[in-house]
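Data from start35.txt: compact mmCIF, C-alpha atoms
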```txt
# COMPACT_ATOMS: atom_id res chain seq x y z
CA MET A 1 140.71 165.37 100.08
CA GLU A 2 139.96 161.85 98.95
CA PRO A 3 136.27 160.92 99.04
CA VAL A 4 135.03 158.20 101.37
CA LYS A 5 134.24 155.19 99.18
CA ILE A 6 131.11 153.25 100.05
CA GLY A 7 129.87 149.80 99.14
CA LEU A 8 126.22 148.85 99.41
CA ALA A 9 125.57 145.22 100.34
CA GLY A 10 121.91 144.94 99.45
CA PHE A 11 120.02 147.26 97.14
CA GLY A 12 116.55 147.21 98.65
CA ARG A 13 114.67 150.22 100.00
CA VAL A 14 117.44 151.28 102.40
CA GLY A 15 120.24 150.77 99.88
CA ARG A 16 118.40 152.64 97.14
CA SER A 17 117.57 155.48 99.54
CA VAL A 18 121.22 155.81 100.59
CA LEU A 19 122.20 156.00 96.91
CA ARG A 20 119.59 158.70 96.23
CA ILE A 21 121.03 160.78 99.07
CA LEU A 22 124.65 160.31 98.02
CA TYR A 23 124.80 159.85 94.25
CA ALA A 24 125.73 163.47 93.45
CA ARG A 25 128.01 164.14 96.43
CA GLU A 26 131.75 164.57 95.98
CA ASP A 27 132.92 163.72 99.50
CA LEU A 28 130.98 160.45 99.90
CA ARG A 29 130.81 158.18 96.85
CA VAL A 30 129.09 154.86 96.33
CA VAL A 31 131.57 152.83 94.26
CA ALA A 32 130.10 149.31 94.46
CA ILE A 33 126.71 147.66 94.93
CA SER A 34 126.16 143.97 95.59
CA ASP A 35 122.75 142.36 95.24
CA ILE A 36 121.66 138.95 94.02
CA ALA A 37 118.58 140.31 92.21
CA ASP A 38 118.42 140.74 88.44
CA PRO A 39 120.26 143.98 87.47
CA LYS A 40 117.45 145.12 85.15
CA GLY A 41 114.97 144.72 87.96
CA LEU A 42 117.21 146.78 90.24
CA GLU A 43 117.50 149.49 87.58
CA TYR A 44 113.73 149.65 87.25
CA LEU A 45 113.16 149.94 91.00
CA LEU A 46 115.78 152.68 91.24
CA ARG A 47 114.18 154.66 88.42
CA PHE A 48 110.57 154.25 89.63
CA ASP A 49 109.86 154.21 93.36
CA THR A 50 106.34 154.10 94.79
CA ASN A 51 107.26 156.11 97.88
CA LEU A 52 110.09 158.31 96.61
CA GLY A 53 108.96 158.93 93.04
CA ARG A 54 111.17 158.88 89.95
CA PHE A 55 114.93 159.05 90.33
CA PRO A 56 115.87 162.71 89.78
CA ASP A 57 118.46 162.01 87.04
CA PRO A 58 118.87 159.47 84.22
CA VAL A 59 120.23 156.12 85.41
CA SER A 60 121.03 152.82 83.73
CA ILE A 61 122.71 149.50 84.43
CA GLN A 62 124.86 148.14 81.62
CA ASP A 63 127.62 145.52 81.47
CA GLY A 64 127.99 145.28 85.23
CA TRP A 65 127.97 149.02 85.92
CA LEU A 66 125.34 151.43 87.20
CA TYR A 67 125.53 154.85 85.54
CA ALA A 68 124.18 157.97 87.26
CA ALA A 69 125.04 161.67 87.05
CA GLY A 70 128.11 161.03 84.91
CA ARG A 71 129.52 158.44 87.29
CA ARG A 72 129.57 154.68 87.25
CA ILE A 73 129.23 152.22 90.09
CA ARG A 74 130.33 148.59 89.98
CA MET A 75 127.42 146.14 90.19
CA LEU A 76 128.13 142.73 91.72
CA SER A 77 126.08 139.75 92.86
CA GLY A 78 127.83 138.41 95.98
CA GLU A 79 125.52 136.27 98.09
CA LYS A 80 127.63 136.13 101.26
CA PRO A 81 129.58 138.92 103.04
CA GLY A 82 132.93 137.56 101.87
CA ASP A 83 131.96 137.06 98.23
CA VAL A 84 132.85 140.61 97.13
CA PRO A 85 136.48 141.88 97.13
CA TRP A 86 135.61 145.14 98.85
CA GLY A 87 139.25 146.07 99.42
CA GLU A 88 140.18 145.65 95.76
CA LEU A 89 137.28 147.96 94.89
CA GLY A 90 138.68 150.60 97.25
CA VAL A 91 135.69 150.45 99.59
CA ASP A 92 136.15 152.13 102.98
CA VAL A 93 132.69 151.46 104.41
CA VAL A 94 130.22 148.69 103.61
CA VAL A 95 126.57 149.46 104.35
CA GLU A 96 125.05 146.08 105.18
CA ALA A 97 121.48 146.54 103.93
CA THR A 98 120.54 142.98 102.94
CA ALA A 99 117.82 142.82 105.66
CA ARG A 100 119.40 139.58 106.89
CA TYR A 101 120.14 138.97 110.56
CA ARG A 102 123.82 138.09 110.80
CA GLY A 103 126.19 137.13 113.59
CA ARG A 104 129.54 138.79 114.19
CA ALA A 105 131.50 136.07 112.41
CA GLU A 106 129.59 136.80 109.20
CA GLN A 107 129.94 140.56 109.61
CA GLU A 108 133.69 140.22 110.04
CA GLN A 109 133.86 138.68 106.57
CA TYR A 110 133.30 142.15 105.13
CA LEU A 111 136.42 143.30 106.97
CA ALA A 112 138.35 140.22 105.89
CA ALA A 113 137.41 141.07 102.29
CA GLY A 114 139.07 144.46 102.65
CA ALA A 115 136.45 146.89 103.95
CA LYS A 116 137.58 149.10 106.81
CA ARG A 117 134.18 149.39 108.50
CA VAL A 118 130.70 147.87 108.35
CA ILE A 119 127.45 149.68 109.10
CA LEU A 120 124.61 147.31 109.95
CA CYS A 121 121.07 148.22 108.93
CA VAL A 122 119.45 145.32 110.78
CA PRO A 123 120.03 144.91 114.54
CA PRO A 124 122.68 142.16 114.74
CA THR A 125 122.35 138.81 116.50
CA ASP A 126 125.66 139.45 118.32
CA PRO A 127 126.72 142.71 119.99
CA PRO A 128 128.31 145.20 117.57
CA ASP A 129 131.13 147.53 118.53
CA LEU A 130 128.49 150.23 119.05
CA THR A 131 124.84 150.94 118.32
CA PHE A 132 124.60 154.45 116.87
CA VAL A 133 121.69 156.79 117.60
CA PRO A 134 122.47 160.54 117.36
CA GLY A 135 121.99 162.39 120.62
CA VAL A 136 121.82 159.14 122.57
CA SER A 137 124.96 157.11 121.91
CA ASP A 138 126.85 159.02 119.22
CA HIS A 139 129.24 160.53 121.80
CA LEU A 140 130.64 157.03 122.32
CA LEU A 141 131.57 156.54 118.66
CA ALA A 142 135.32 155.96 118.36
CA ARG A 143 137.84 155.26 115.63
CA GLN A 144 138.38 151.71 116.88
CA HIS A 145 134.74 150.81 116.14
CA HIS A 146 134.67 148.77 112.95
CA ILE A 147 131.26 147.06 113.14
CA VAL A 148 128.62 149.65 114.00
CA SER A 149 124.88 149.07 114.13
CA ASN A 150 122.62 151.83 112.87
CA ALA A 151 119.93 150.43 115.20
CA SER A 152 116.42 150.31 113.69
CA CYS A 153 114.08 152.98 112.37
CA THR A 154 111.86 152.52 115.45
CA ALA A 155 114.79 152.88 117.85
CA HIS A 156 115.87 156.06 116.05
CA ALA A 157 112.34 157.43 116.34
CA ALA A 158 111.75 156.48 119.98
CA ALA A 159 115.12 156.71 121.73
CA PRO A 160 115.58 160.51 121.39
CA VAL A 161 112.14 161.21 122.85
CA VAL A 162 112.69 158.70 125.67
CA ARG A 163 116.12 160.20 126.42
CA ILE A 164 114.81 163.77 126.51
CA LEU A 165 111.80 162.92 128.71
CA ALA A 166 113.92 160.81 131.07
CA ASP A 167 116.48 163.56 131.54
CA ALA A 168 113.83 166.21 132.24
CA PHE A 169 111.15 164.38 134.23
CA GLY A 170 112.50 160.91 134.98
CA ILE A 171 110.77 157.75 133.78
CA GLU A 172 109.53 155.10 136.21
CA ARG A 173 107.83 152.96 133.58
CA ALA A 174 107.31 153.26 129.84
CA PHE A 175 105.38 151.41 127.17
CA LEU A 176 105.74 152.15 123.50
CA THR A 177 103.73 150.93 120.57
CA VAL A 178 105.08 151.45 117.08
CA VAL A 179 102.33 151.73 114.49
CA HIS A 180 104.32 150.79 111.42
CA ALA A 181 103.68 150.92 107.69
CA TYR A 182 103.81 147.49 106.13
CA THR A 183 107.09 146.28 104.63
CA ASN A 184 108.22 143.47 102.35
CA GLN A 185 108.23 141.18 105.38
CA GLN A 186 104.44 141.13 105.17
CA ARG A 187 102.29 139.54 102.44
CA LEU A 188 99.75 141.04 100.05
CA ALA A 189 97.42 138.04 100.29
CA ASP A 190 96.77 135.49 103.02
CA VAL A 191 99.41 132.75 102.86
CA PRO A 192 100.72 130.14 105.27
CA ASP A 193 103.56 131.47 107.43
CA GLU A 194 105.41 130.35 110.54
CA ASP A 195 104.17 133.59 112.12
CA MET A 196 100.48 133.21 111.33
CA ARG A 197 99.69 136.89 111.76
CA ARG A 198 102.57 137.92 109.49
CA GLY A 199 101.07 135.72 106.79
CA ARG A 200 97.88 137.78 106.61
CA ALA A 201 97.23 140.38 103.89
CA ALA A 202 99.14 143.50 104.93
CA ALA A 203 97.13 145.97 102.84
CA GLU A 204 93.85 144.79 104.37
CA ASN A 205 94.64 144.28 108.07
CA ILE A 206 96.06 145.79 111.23
CA ILE A 207 98.57 143.12 112.23
CA PRO A 208 100.06 142.90 115.76
CA GLN A 209 103.75 142.04 115.65
CA GLU A 210 106.67 141.58 118.00
CA THR A 211 109.45 144.20 118.00
CA ASN A 212 112.97 144.30 119.37
CA ALA A 213 112.77 148.10 119.74
CA GLY A 214 112.38 147.86 123.51
CA GLN A 215 115.53 145.76 123.82
CA VAL A 216 117.52 148.13 121.59
CA ILE A 217 116.35 151.21 123.52
CA VAL A 218 117.27 149.62 126.86
CA GLU A 219 120.73 148.83 125.48
CA LEU A 220 121.02 152.52 124.55
CA ILE A 221 119.50 153.79 127.83
CA PRO A 222 120.46 151.14 130.42
CA GLU A 223 118.74 152.81 133.38
CA LEU A 224 115.42 151.75 131.83
CA ALA A 225 116.20 148.04 132.13
CA GLY A 226 113.11 146.24 133.40
CA ARG A 227 111.03 149.40 133.06
CA LEU A 228 110.28 149.63 129.33
CA SER A 229 108.22 147.35 127.12
CA ALA A 230 107.37 147.59 123.43
CA ALA A 231 104.91 146.21 120.90
CA ALA A 232 104.25 146.80 117.21
CA MET A 233 101.36 146.86 114.78
CA ASN A 234 101.65 146.90 111.01
CA VAL A 235 98.89 148.92 109.38
CA PRO A 236 97.64 149.23 105.76
CA VAL A 237 99.73 152.24 104.71
CA ALA A 238 102.77 152.07 102.42
CA ASN A 239 104.81 154.68 104.28
CA GLY A 240 104.65 156.83 107.39
CA SER A 241 104.82 155.32 110.87
CA VAL A 242 104.42 156.58 114.43
CA VAL A 243 105.70 155.76 117.91
CA ASP A 244 102.99 155.96 120.57
CA LEU A 245 104.88 156.38 123.88
CA VAL A 246 103.31 156.25 127.35
CA CYS A 247 105.53 157.16 130.32
CA TRP A 248 105.03 157.16 134.07
CA HIS A 249 107.23 159.99 135.38
CA ARG A 250 108.97 160.66 138.69
CA GLU A 251 108.15 164.35 138.51
CA GLU A 252 104.97 166.27 137.72
CA VAL A 253 104.45 166.99 134.03
CA THR A 254 102.10 169.13 131.99
CA THR A 255 101.26 169.12 128.31
CA ALA A 256 102.76 172.59 127.91
CA ALA A 257 105.99 171.60 129.67
CA ILE A 258 106.48 168.49 127.54
CA ASN A 259 105.82 170.37 124.33
CA GLU A 260 108.20 173.19 125.21
CA LEU A 261 110.83 170.66 126.23
CA MET A 262 110.57 168.93 122.86
CA ARG A 263 110.35 172.18 120.88
CA THR A 264 113.56 173.54 122.37
CA ALA A 265 115.30 170.17 122.08
CA ALA A 266 114.45 169.97 118.36
CA GLY A 267 116.18 173.32 117.83
CA SER A 268 119.34 172.38 119.71
CA ALA A 269 122.65 171.29 118.21
CA ARG A 270 122.33 167.87 119.84
CA TRP A 271 119.00 166.97 118.22
CA LYS A 272 118.42 169.28 115.27
CA LYS A 273 119.33 166.71 112.57
CA SER A 274 117.32 163.82 113.96
CA LEU A 275 114.34 165.39 115.76
CA GLY A 276 111.64 167.55 114.22
CA TYR A 277 108.81 169.40 115.97
CA GLU A 278 105.34 169.89 114.49
CA ALA A 279 102.59 172.25 115.61
CA GLU A 280 100.22 171.48 112.71
CA PRO A 281 97.65 168.63 112.55
CA ILE A 282 99.71 166.19 110.48
CA VAL A 283 98.95 162.59 109.48
CA SER A 284 101.21 159.75 108.36
CA SER A 285 101.64 160.85 104.74
CA ASP A 286 102.90 164.25 105.87
CA VAL A 287 106.21 162.77 107.05
CA ALA A 288 107.00 161.12 103.73
CA LYS A 289 110.63 161.91 102.79
CA SER A 290 111.25 163.59 106.13
CA PRO A 291 114.99 163.44 106.92
CA PHE A 292 114.26 163.36 110.66
CA SER A 293 114.34 160.18 112.72
CA ALA A 294 111.22 161.45 114.49
CA VAL A 295 108.79 164.34 114.12
CA PHE A 296 107.24 165.13 117.50
CA ASP A 297 103.49 165.80 117.24
CA SER A 298 102.79 168.55 119.78
CA LEU A 299 99.02 168.45 119.17
CA ALA A 300 98.86 164.82 120.32
CA THR A 301 100.55 165.27 123.72
CA MET A 302 98.40 164.14 126.65
CA VAL A 303 98.92 164.05 130.42
CA LEU A 304 97.00 162.03 133.00
CA ALA A 305 97.01 162.74 136.75
CA GLY A 306 100.14 164.87 136.46
CA ARG A 307 102.54 161.92 136.20
CA VAL A 308 101.60 159.98 133.06
CA SER A 309 102.34 161.28 129.57
CA LYS A 310 101.35 160.06 126.12
CA THR A 311 103.19 161.35 123.05
CA LEU A 312 103.30 160.64 119.32
CA SER A 313 106.42 160.82 117.16
CA TRP A 314 106.05 160.30 113.40
CA PHE A 315 108.70 158.98 111.01
CA ASP A 316 109.32 157.89 107.44
CA ASN A 317 110.57 154.40 108.18
CA VAL A 318 113.20 154.36 105.40
CA TRP A 319 114.13 157.90 104.32
CA GLY A 320 114.91 159.21 107.81
CA TYR A 321 116.78 156.00 108.62
CA ALA A 322 118.88 156.31 105.45
CA HIS A 323 119.88 159.83 106.51
CA ARG A 324 121.17 158.41 109.79
CA VAL A 325 123.27 155.90 107.80
CA VAL A 326 124.80 158.82 105.91
CA GLU A 327 125.34 160.76 109.13
CA LEU A 328 127.14 157.76 110.61
CA ILE A 329 129.43 157.54 107.56
CA GLU A 330 130.17 161.26 107.95
CA ARG A 331 130.96 160.85 111.64
CA LEU A 332 133.32 157.93 111.01
CA ALA A 333 135.07 159.90 108.25
CA ARG A 334 135.54 162.83 110.61
CA LEU A 335 137.20 160.54 113.17
CA GLU A 336 139.60 159.33 110.49
CA ARG A 337 140.49 162.88 109.47
CA GLU A 338 141.06 163.96 113.05
CA ALA A 339 143.42 161.03 113.61
CA ALA A 340 145.43 161.71 110.43
```
Re-express the file's structure as structure tokens.
Amino acid sequence: MEPVKIGLAGFGRVGRSVLRILYAREDLRVVAISDIADPKGLEYLLRFDTNLGRFPDPVSIQDGWLYAAGRRIRMLSGEKPGDVPWGELGVDVVVEATARYRGRAEQEQYLAAGAKRVILCVPPTDPPDLTFVPGVSDHLLARQHHIVSNASCTAHAAAPVVRILADAFGIERAFLTVVHAYTNQQRLADVPDEDMRRGRAAAENIIPQETNAGQVIVELIPELAGRLSAAAMNVPVANGSVVDLVCWHREEVTTAAINELMRTAAGSARWKKSLGYEAEPIVSSDVAKSPFSAVFDSLATMVLAGRVSKTLSWFDNVWGYAHRVVELIERLARLEREAA
């Protein structure tokens, strides 16, 4: 069986994490990477990672190729989606991980350049063919979908918990706050910025921010339209984030019932890859390199007046997300095999 050939457009934290997951696999192979940064700088950041540690095997970039585990990967420096001849490189799937917000016309340039599918790692400005979140929308994934959004790390963390609670107890209203580790969108020192709060020193401040997570979750779970709101705060930690979800339910709830609901869900076929369950007193660093989209914190569950619940779901905001990218590639490959 021929391996699925993958191109990475963008070699930042998501792109490097996807490569770490895939570099030794036989069935899914990264064959090309495009990034405008200096190749030696990319090699260094792949070898030494503050959150993930050293790369597990020797790697190098020489003469336009990245070498790892006895394989080589073409290194390119295309600035726009159509700048790389993905088809000539044999690429089946492009993982769009440039962190740039693009419209559909730009995304289609990957297809015009020969790729068969595009996976978006930033919520797009125009509707994709599908937004993929396992357990929530994955049953809709079809072979005719060529531009698929992998949502956002917050949507992957929150949507499963929202879906499970809504199905069991109903949700009249919900408010979620994502307490998020800082990213390269923030600054290390105070600097002028169009978003004044975003310009403040990320390692020294708790910074309120806007988030599109509420909009994405409502698109995934349409019955919550007009009933769910979301906010975000960036905090001075390098990794490890948490979704703080408050729900007003139609039916009576108890702490024990919510925890048992989530415990059994985490062990089910539908959720076992994306949802973890924790009965120990964990903190943010304890979910570093967790492959789950969310780790439900059973010790934090609270109930007020029998109808209002408050839950915490932890996540590694890159590593878990990168595993969902890989899962999406696997699902698309399975559709191709079934159609053959």
Using all atoms listed in the file, which protein or nucleic acid residues come within 10 Å of A:Val179? Drop anything in the same chain fewer than 5 positions from it, and give the result as a compact mmCIF listing (two decimals) with C-alpha atoms, in the frame of the given file.
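The resulting file, around.txt, is shown below:
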```
# COMPACT_ATOMS: atom_id res chain seq x y z
CA THR A 154 111.86 152.52 115.45
CA ILE A 206 96.06 145.79 111.23
CA ILE A 207 98.57 143.12 112.23
CA PRO A 208 100.06 142.90 115.76
CA GLN A 209 103.75 142.04 115.65
CA ALA A 231 104.91 146.21 120.90
CA ALA A 232 104.25 146.80 117.21
CA MET A 233 101.36 146.86 114.78
CA ASN A 234 101.65 146.90 111.01
CA VAL A 235 98.89 148.92 109.38
CA GLY A 240 104.65 156.83 107.39
CA SER A 241 104.82 155.32 110.87
CA VAL A 242 104.42 156.58 114.43
CA VAL A 243 105.70 155.76 117.91
CA ASP A 244 102.99 155.96 120.57
CA TRP A 314 106.05 160.30 113.40
```
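Relative to atom CA of A:Gly226, atom CA of A:Leu304 is found at 22.6 Å.
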Give me the residues near A:Ala99 as a compact mmCIF listing (two decimals) with C-alpha atoms, in the coordinates of the input, where near means some atom within 9 Å (using all atoms listed in the file) and where sequence neighbours in that chain fewer than 3 positions away do not count.
```txt
# COMPACT_ATOMS: atom_id res chain seq x y z
CA GLY A 10 121.91 144.94 99.45
CA GLY A 12 116.55 147.21 98.65
CA GLU A 96 125.05 146.08 105.18
CA CYS A 121 121.07 148.22 108.93
CA VAL A 122 119.45 145.32 110.78
```
Report task. Rounded to one decimal place, report the atom CA of A:Arg47-atom CA of A:Arg16 distance in Å. Result -> 9.9 Å
Stretch 114-160 of chain A near stretch 320-334 of chain A within 10 Å: what's each residue's closest atom pair and its distance in Å to one decimal, counting all atoms listed in the file, ordered by chain then ascending residue number, as CSV?
```
residue,atom,partner,partner_atom,distance
A:Arg117,CA,A:Leu332,CA,8.9
A:Val118,CA,A:Ile329,CA,9.8
A:Ile119,CA,A:Val325,CA,7.6
A:Leu120,CA,A:Val325,CA,9.0
A:Cys121,CA,A:Val325,CA,8.1
A:Phe132,CA,A:Leu328,CA,7.5
A:Val133,CA,A:Arg324,CA,8.0
A:Pro134,CA,A:Arg324,CA,8.0
A:Asp138,CA,A:Leu328,CA,8.7
A:Leu141,CA,A:Leu332,CA,8.0
A:Ala142,CA,A:Leu332,CA,7.9
A:Arg143,CA,A:Leu332,CA,7.0
A:Gln144,CA,A:Leu332,CA,9.9
A:His145,CA,A:Leu332,CA,8.9
A:His146,CA,A:Leu332,CA,9.5
A:Val148,CA,A:Leu328,CA,8.9
A:Ser149,CA,A:Val325,CA,9.5
A:Asn150,CA,A:Val325,CA,6.5
A:Ala151,CA,A:Tyr321,CA,9.2
A:Ser152,CA,A:Tyr321,CA,7.6
A:Cys153,CA,A:Tyr321,CA,5.5
A:Thr154,CA,A:Tyr321,CA,9.1
A:Ala155,CA,A:Tyr321,CA,9.9
A:His156,CA,A:Tyr321,CA,7.5
A:Ala157,CA,A:Tyr321,CA,9.0
```
Query raised in the report: Hey, what's within 7 Å of A:Ala288 if we count all atoms listed in the file and toss same-chain stuff fewer than 3 positions away? As a count of residues only, please?
Result: 4
Query - All residues 10 Å or closer to stretch 265-273 of chain A, all atoms listed in the file, same chain fewer than 5 positions away omitted, as a PyMOL selection string - result: chain A and resi 134-136+138+160-161+164+259-260+278+291-296+320+323-324+327
Requested in this report: For A:Glu252, list every protein, DNA or RNA residue within 9 Å, evaluated using only C-alpha atoms, and leave out those in the same chain fewer than 2 positions away; present the list as a list of chain:residue names.
Outcome: A:Phe169, A:His249, A:Arg250, A:Thr254, A:Ala305, A:Gly306, A:Arg307, A:Val308
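Restricting the calculation to all atoms listed in the file, the smallest distance between A:Ser274 and any of A:Asp38, A:Ser290, A:Asp63, A:Val253 is found for A:Ser290.
Computed from the coordinates, the atom CA of A:Val18 to atom CA of A:Met262 distance equals 28.0 Å.
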Query raised in the report: Looking at A:Leu224, A:Leu140, A:Ala203, A:Ala279, which one is nearest to A:Glu172, with distances taken over all atoms listed in the file?
Result: A:Leu224
Query - Minimum-distance residue to A:Arg71, chosen among A:His180, A:Arg29, A:Arg187, A:His139 (using all atoms listed in the file) - result: A:Arg29
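The shortest atom-to-atom distance to A:Arg104, with only C-alpha atoms taken into account, belongs to A:Asp129 out of A:Asp129, A:Glu338, A:Asp190, A:Glu280.
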Query raised in the report: Hey, can you pull every residue with an atom no more than 9 Å from (115.0, 146.2, 123.5), using only C-alpha atoms, and send it as a VMD selection string?
Result: chain A and resid 155 211 to 220 225 228 to 230
Print the selection's residues with C-alpha atoms to a file, as an mmCIF file, keeping the file's coordinate frame.
```cif
data_model
loop_
_atom_site.group_PDB
_atom_site.id
_atom_site.type_symbol
_atom_site.label_atom_id
_atom_site.label_comp_id
_atom_site.auth_asym_id
_atom_site.auth_seq_id
_atom_site.Cartn_x
_atom_site.Cartn_y
_atom_site.Cartn_z
ATOM 1 C CA ALA A 155 114.790 152.880 117.850
ATOM 2 C CA THR A 211 109.450 144.200 118.000
ATOM 3 C CA ASN A 212 112.970 144.300 119.370
ATOM 4 C CA ALA A 213 112.770 148.100 119.740
ATOM 5 C CA GLY A 214 112.380 147.860 123.510
ATOM 6 C CA GLN A 215 115.530 145.760 123.820
ATOM 7 C CA VAL A 216 117.520 148.130 121.590
ATOM 8 C CA ILE A 217 116.350 151.210 123.520
ATOM 9 C CA VAL A 218 117.270 149.620 126.860
ATOM 10 C CA GLU A 219 120.730 148.830 125.480
ATOM 11 C CA LEU A 220 121.020 152.520 124.550
ATOM 12 C CA ALA A 225 116.200 148.040 132.130
ATOM 13 C CA LEU A 228 110.280 149.630 129.330
ATOM 14 C CA SER A 229 108.220 147.350 127.120
ATOM 15 C CA ALA A 230 107.370 147.590 123.430
#
```
Quick one: what's the axis-aligned box for stretch 59-67 of chain A, all listed atoms, 5 Å on every side, centre and edges in Å to one decimal, as JSON?
```
{"center_x": 124.1, "center_y": 150.7, "center_z": 84.3, "size_x": 17.8, "size_y": 20.8, "size_z": 15.7}
```
Missing atoms in stretch 143-155 of chain A need filling: write out N, CA and C atoms for it as a short mmCIF file (atom, residue, chain, number, x, y, z; two decimals), in the coordinates of the input.
```
data_model
loop_
_atom_site.label_atom_id
_atom_site.label_comp_id
_atom_site.auth_asym_id
_atom_site.auth_seq_id
_atom_site.Cartn_x
_atom_site.Cartn_y
_atom_site.Cartn_z
N ARG A 143 137.16 155.72 116.83
CA ARG A 143 137.84 155.26 115.63
C ARG A 143 138.05 153.76 115.63
N GLN A 144 138.15 153.15 116.81
CA GLN A 144 138.38 151.71 116.88
C GLN A 144 137.12 150.88 116.63
N HIS A 145 135.98 151.53 116.43
CA HIS A 145 134.74 150.81 116.14
C HIS A 145 134.68 150.48 114.65
N HIS A 146 134.66 149.20 114.34
CA HIS A 146 134.67 148.77 112.95
C HIS A 146 133.35 148.14 112.50
N ILE A 147 132.58 147.61 113.45
CA ILE A 147 131.26 147.06 113.14
C ILE A 147 130.25 147.84 113.97
N VAL A 148 129.52 148.73 113.31
CA VAL A 148 128.62 149.65 114.00
C VAL A 148 127.20 149.41 113.52
N SER A 149 126.29 149.23 114.46
CA SER A 149 124.88 149.07 114.13
C SER A 149 124.21 150.43 114.04
N ASN A 150 123.43 150.62 112.99
CA ASN A 150 122.62 151.83 112.87
C ASN A 150 121.24 151.64 113.49
N ALA A 151 121.17 150.70 114.46
CA ALA A 151 119.93 150.43 115.20
C ALA A 151 118.80 150.09 114.23
N SER A 152 117.59 150.52 114.55
CA SER A 152 116.42 150.31 113.69
C SER A 152 115.69 151.63 113.55
N CYS A 153 114.81 151.73 112.57
CA CYS A 153 114.08 152.98 112.37
C CYS A 153 113.23 153.31 113.60
N THR A 154 112.67 152.28 114.25
CA THR A 154 111.86 152.52 115.45
C THR A 154 112.72 153.02 116.60
N ALA A 155 113.90 152.42 116.79
CA ALA A 155 114.79 152.88 117.85
C ALA A 155 115.22 154.33 117.61
#
```
